[in-house]
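First up is the structure itself, then whatever we jot down about it.
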Amino acid sequence: MPGYLTKQEDVAVVGAADLIIRSLLDKQQFSDPLGAAEALGISSASWPLFGLLWPSAAQLAQRMASRPLRTGERVLEIGCGLGLASLVCHRRGVDITASDCHPLAESFLLENARLNGMAPLKYRTGQWGAQAQGHHGAVQGQFDLILGSDVLYERDARASLASFLDRHAAHSAQIWIVDPNRGNRSTFHKQMAVHRFNVVEERLDHPALGNVAAYKGRLMVYERPVLV
């Protein structure tokens with residue numbers, strides 16, 4: 001036994017076929033016998049968060065289900081957790097790399113790809129901050145589109161995420177962040193502006209509709225101005 005309990009369910013993604021997803025049973029699961037998560041600064045309270053289904057992740061997956069495909073585009077998902085958006089992209093043939101800092105994220109992602117009849121997808125360690133840059137298996141290179149959902153849940157006084165995005169965003173890249181109206185949003189805008197990123201926000205609020213739960217949040221699209 002791995003020391004934690006899981007469940008498996010069909011997850012509906014608007015605009016795409018359902019996904020079979022293996023997730024943690026609930027927020028009470030925890031297993032870090034070798035201290036791998038603790039060494040990365042992941043507390044017992046935050047340990048299970050990677051393995052749960054979050055509303056903002058579903059919103060991002062829905063957007064990627066309908067986004068036009070672009071030949072040769074390299075896409076990175078940060079803080080992927082269970083990787084709904086990455087799985088949707090992978091099934092559509094997108095060149096997607098999923099990333100997260102949790103030591104179990106990769107195994108859950110690969111198992112969910114298998115459950116849905118997909119080949120394994122690319123995965124890299126995606127812990128932002130200077131201490132993570134030389135980490136074995138860390139995100140490398142630049143991408144044309146970087147995705148993330150609900151990644152502004154902590155105050156980032158050192159602007160580590162903005163610096164990470166600046167390093168890995170190609171010159172003409174877009175960065176899509178789905179945020180459930182976290183209080184750190186305005187500070188993050190300022191941190192991104194330091195790296196010359198402008199932002200356009202789109203409200204995603206909608207009431208409950210049938211089996212689709214209500215949602216309040218926004219899609220934030222960051223892009224550098226085009227130099228003439």
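Scheme for the structure tokens: letters A, B, ... for chains in order shown; per-chain residue numbers from 1; ligand numbers from 1 in order shown.
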(message) I need the strand (DSSP E or B) residues of chain A per DSSP on the backbone, written as a PyMOL selection string.
(response) chain A and resi 6-13+16-24+74-77+95-100+122-125+138+143-149+169-179+198-203+206+209+212+215+218-223
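When only C-alpha atoms are used to measure the gap to His90 in chain A, the shortest distance among A:Gly210, A:Gly15, A:Pro103, A:Gly117 belongs to A:Gly117.
Rounded to one decimal, CA of Pro225 in chain A and CA of Phe197 in chain A lie 7.3 Å from each other.
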Counting only C-alpha atoms, what are the residues of range 36-59 of chain A within 12 Å of range 18-21 of chain A, and for each of them which pair of atoms is the nearest and at what distance in Å, to one decimal? Sort the table by chain and rising number, as CSV.
residue,atom,partner,partner_atom,distance
A:Gly51,CA,A:Ile21,CA,10.1
A:Leu52,CA,A:Ile21,CA,10.0
A:Leu53,CA,A:Ile21,CA,9.0
A:Ala58,CA,A:Leu19,CA,11.1
(request) For Ile96 in chain A, please output as a list of chain:residue names all residues within 8 Å (counting only C-alpha atoms; exclusion window: fewer than 3 positions along the same chain). (result) A:Arg74, A:Val75, A:Leu76, A:Glu77, A:Ser86, A:Cys89, A:His90, A:Leu121, A:Lys122
Go ahead and dump the residues you just picked, N, CA, C and O atoms, as a PDB file, in the first residue's frame.
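Full text of part.pdb as output:
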ATOM      1  N   ARG A  74       5.249  25.137 -28.516  1.00  0.00           N
ATOM      2  CA  ARG A  74       5.650  24.422 -27.298  1.00  0.00           C
ATOM      3  C   ARG A  74       4.880  25.000 -26.114  1.00  0.00           C
ATOM      4  O   ARG A  74       4.863  26.217 -25.905  1.00  0.00           O
ATOM      5  N   VAL A  75       4.246  24.121 -25.346  1.00  0.00           N
ATOM      6  CA  VAL A  75       3.371  24.545 -24.251  1.00  0.00           C
ATOM      7  C   VAL A  75       3.857  23.938 -22.941  1.00  0.00           C
ATOM      8  O   VAL A  75       4.262  22.767 -22.891  1.00  0.00           O
ATOM      9  N   LEU A  76       3.818  24.726 -21.882  1.00  0.00           N
ATOM     10  CA  LEU A  76       4.206  24.288 -20.539  1.00  0.00           C
ATOM     11  C   LEU A  76       3.070  24.563 -19.580  1.00  0.00           C
ATOM     12  O   LEU A  76       2.526  25.662 -19.552  1.00  0.00           O
ATOM     13  N   GLU A  77       2.691  23.557 -18.784  1.00  0.00           N
ATOM     14  CA  GLU A  77       1.760  23.793 -17.681  1.00  0.00           C
ATOM     15  C   GLU A  77       2.542  23.798 -16.381  1.00  0.00           C
ATOM     16  O   GLU A  77       3.279  22.858 -16.087  1.00  0.00           O
ATOM     17  N   SER A  86      -3.121  19.633 -19.188  1.00  0.00           N
ATOM     18  CA  SER A  86      -2.066  18.926 -19.915  1.00  0.00           C
ATOM     19  C   SER A  86      -2.616  17.695 -20.622  1.00  0.00           C
ATOM     20  O   SER A  86      -2.245  17.395 -21.762  1.00  0.00           O
ATOM     21  N   CYS A  89      -4.590  18.792 -23.663  1.00  0.00           N
ATOM     22  CA  CYS A  89      -3.645  19.189 -24.714  1.00  0.00           C
ATOM     23  C   CYS A  89      -2.990  17.977 -25.357  1.00  0.00           C
ATOM     24  O   CYS A  89      -2.871  17.883 -26.586  1.00  0.00           O
ATOM     25  N   HIS A  90      -2.546  17.048 -24.529  1.00  0.00           N
ATOM     26  CA  HIS A  90      -1.837  15.860 -25.019  1.00  0.00           C
ATOM     27  C   HIS A  90      -2.731  15.051 -25.955  1.00  0.00           C
ATOM     28  O   HIS A  90      -2.289  14.566 -27.002  1.00  0.00           O
ATOM     29  N   LEU A 121       3.205  11.469 -21.372  1.00  0.00           N
ATOM     30  CA  LEU A 121       3.519  12.824 -21.786  1.00  0.00           C
ATOM     31  C   LEU A 121       4.729  13.349 -21.024  1.00  0.00           C
ATOM     32  O   LEU A 121       5.106  12.817 -19.987  1.00  0.00           O
ATOM     33  N   LYS A 122       5.320  14.400 -21.552  1.00  0.00           N
ATOM     34  CA  LYS A 122       6.550  14.947 -20.960  1.00  0.00           C
ATOM     35  C   LYS A 122       6.248  15.597 -19.612  1.00  0.00           C
ATOM     36  O   LYS A 122       5.237  16.287 -19.451  1.00  0.00           O
TER      37      LYS A 122
END
(request) Pick out the residues sitting within 12 Å of Asp179 in chain A, and hand them over as a PyMOL selection string; count only C-alpha atoms, and ignore anything fewer than 2 positions along from it in its own chain. (result) chain A and resi 54-60+147-153+176-177+181-186+188+201-205+215-221
(request) Point out the residue among A:Leu49, A:Leu82, A:Val200, A:Met64 with the least atom-to-atom distance to Val94 in chain A, counting only C-alpha atoms. (result)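 Closest to Val94 in chain A, using only C-alpha atoms: A:Met64.
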Output as a Markdown table one row per residue of range 29-136 of chain A within 12 Å of range 6-10 of chain A: the closest atom pair and its distance in Å to one decimal place, counting only C-alpha atoms, sorted by chain and residue number ascending.
| residue | atom | partner | partner_atom | distance |
| --- | --- | --- | --- | --- |
| A:Gln29 | CA | A:Thr6 | CA | 8.7 |
| A:Phe30 | CA | A:Thr6 | CA | 11.2 |
| A:Pro48 | CA | A:Thr6 | CA | 10.9 |
| A:Gly51 | CA | A:Thr6 | CA | 9.0 |
| A:Leu52 | CA | A:Thr6 | CA | 9.9 |
| A:Leu53 | CA | A:Glu9 | CA | 10.6 |
| A:Leu84 | CA | A:Asp10 | CA | 11.9 |
| A:Phe108 | CA | A:Thr6 | CA | 10.3 |
| A:Glu111 | CA | A:Gln8 | CA | 11.0 |
| A:Asn112 | CA | A:Gln8 | CA | 9.5 |
| A:Leu115 | CA | A:Gln8 | CA | 9.7 |
| A:Asn116 | CA | A:Asp10 | CA | 10.3 |
(request) Calculate how many Å separate CA of Tyr123 in chain A from CA of Glu106 in chain A, rounding to one decimal. (result)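 These two atoms are separated by 6.5 Å.
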(request) Check the smallest atom-to-atom distance from each of A:Trp128, A:Phe143, A:Tyr222, A:Trp47 to Ala169 in chain A using only C-alpha atoms, then report the winner. (result)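 Smallest separation from Ala169 in chain A among the options: A:Phe143.
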(message) Please determine, counting only C-alpha atoms, which residue among A:Leu161, A:Leu209, A:Ala170, A:Leu25 has the shortest atom-to-atom distance to Met192 in chain A.
(response)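 Of A:Leu161, A:Leu209, A:Ala170, A:Leu25, the one nearest Met192 in chain A is A:Leu161, counting only C-alpha atoms.
A straight line drawn from CA of Ile146 in chain A to CA of His189 in chain A is 15.8 Å long.
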(request) Check the smallest atom-to-atom distance from each of A:Val13, A:Thr97, A:Asp166, A:Ala157 to Glu73 in chain A using only C-alpha atoms, then report the winner. (result)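 Comparing A:Val13, A:Thr97, A:Asp166, A:Ala157 against Glu73 in chain A, the winner is A:Thr97.
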(request) If you run DSSP over the backbone, which residues in range 80-164 of chain A end up alpha helix (DSSP H)? Put them as a ChimeraX atom specification. (result) /A:84-91,105-115,160-164
Selection export as a PDB file, in the first residue's frame, atoms kept: C-alpha atoms:
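As a result, selection_34.pdb now contains:
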ATOM      1  CA  LEU A  84      -6.299  18.183 -16.520  1.00  0.00           C
ATOM      2  CA  ALA A  85      -5.198  20.869 -18.997  1.00  0.00           C
ATOM      3  CA  SER A  86      -2.066  18.926 -19.915  1.00  0.00           C
ATOM      4  CA  LEU A  87      -4.097  15.766 -20.576  1.00  0.00           C
ATOM      5  CA  VAL A  88      -6.555  17.677 -22.777  1.00  0.00           C
ATOM      6  CA  CYS A  89      -3.645  19.189 -24.714  1.00  0.00           C
ATOM      7  CA  HIS A  90      -1.837  15.860 -25.019  1.00  0.00           C
ATOM      8  CA  ARG A  91      -4.935  14.146 -26.409  1.00  0.00           C
ATOM      9  CA  ALA A 105       2.695  14.540  -9.427  1.00  0.00           C
ATOM     10  CA  GLU A 106       4.513  12.734 -12.229  1.00  0.00           C
ATOM     11  CA  SER A 107       3.324   9.261 -11.251  1.00  0.00           C
ATOM     12  CA  PHE A 108      -0.305  10.422 -10.967  1.00  0.00           C
ATOM     13  CA  LEU A 109      -0.069  12.207 -14.320  1.00  0.00           C
ATOM     14  CA  LEU A 110       1.375   9.183 -16.121  1.00  0.00           C
ATOM     15  CA  GLU A 111      -1.228   6.886 -14.579  1.00  0.00           C
ATOM     16  CA  ASN A 112      -4.037   9.191 -15.690  1.00  0.00           C
ATOM     17  CA  ALA A 113      -2.605   9.273 -19.212  1.00  0.00           C
ATOM     18  CA  ARG A 114      -2.603   5.471 -19.185  1.00  0.00           C
ATOM     19  CA  LEU A 115      -6.182   5.293 -17.896  1.00  0.00           C
ATOM     20  CA  SER A 160       9.861  33.887  -7.758  1.00  0.00           C
ATOM     21  CA  LEU A 161       6.985  32.909 -10.038  1.00  0.00           C
ATOM     22  CA  ALA A 162       7.271  36.033 -12.190  1.00  0.00           C
ATOM     23  CA  SER A 163      11.015  35.442 -12.576  1.00  0.00           C
ATOM     24  CA  PHE A 164      10.414  31.786 -13.478  1.00  0.00           C
TER      25      PHE A 164
END
(request) Pick out the closest residue to Ala159 in chain A from this set: A:Ala45, A:Val194, A:Val139, A:Ala173. Count only C-alpha atoms. (result)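 Of all the options, A:Val194 lies closest to Ala159 in chain A.
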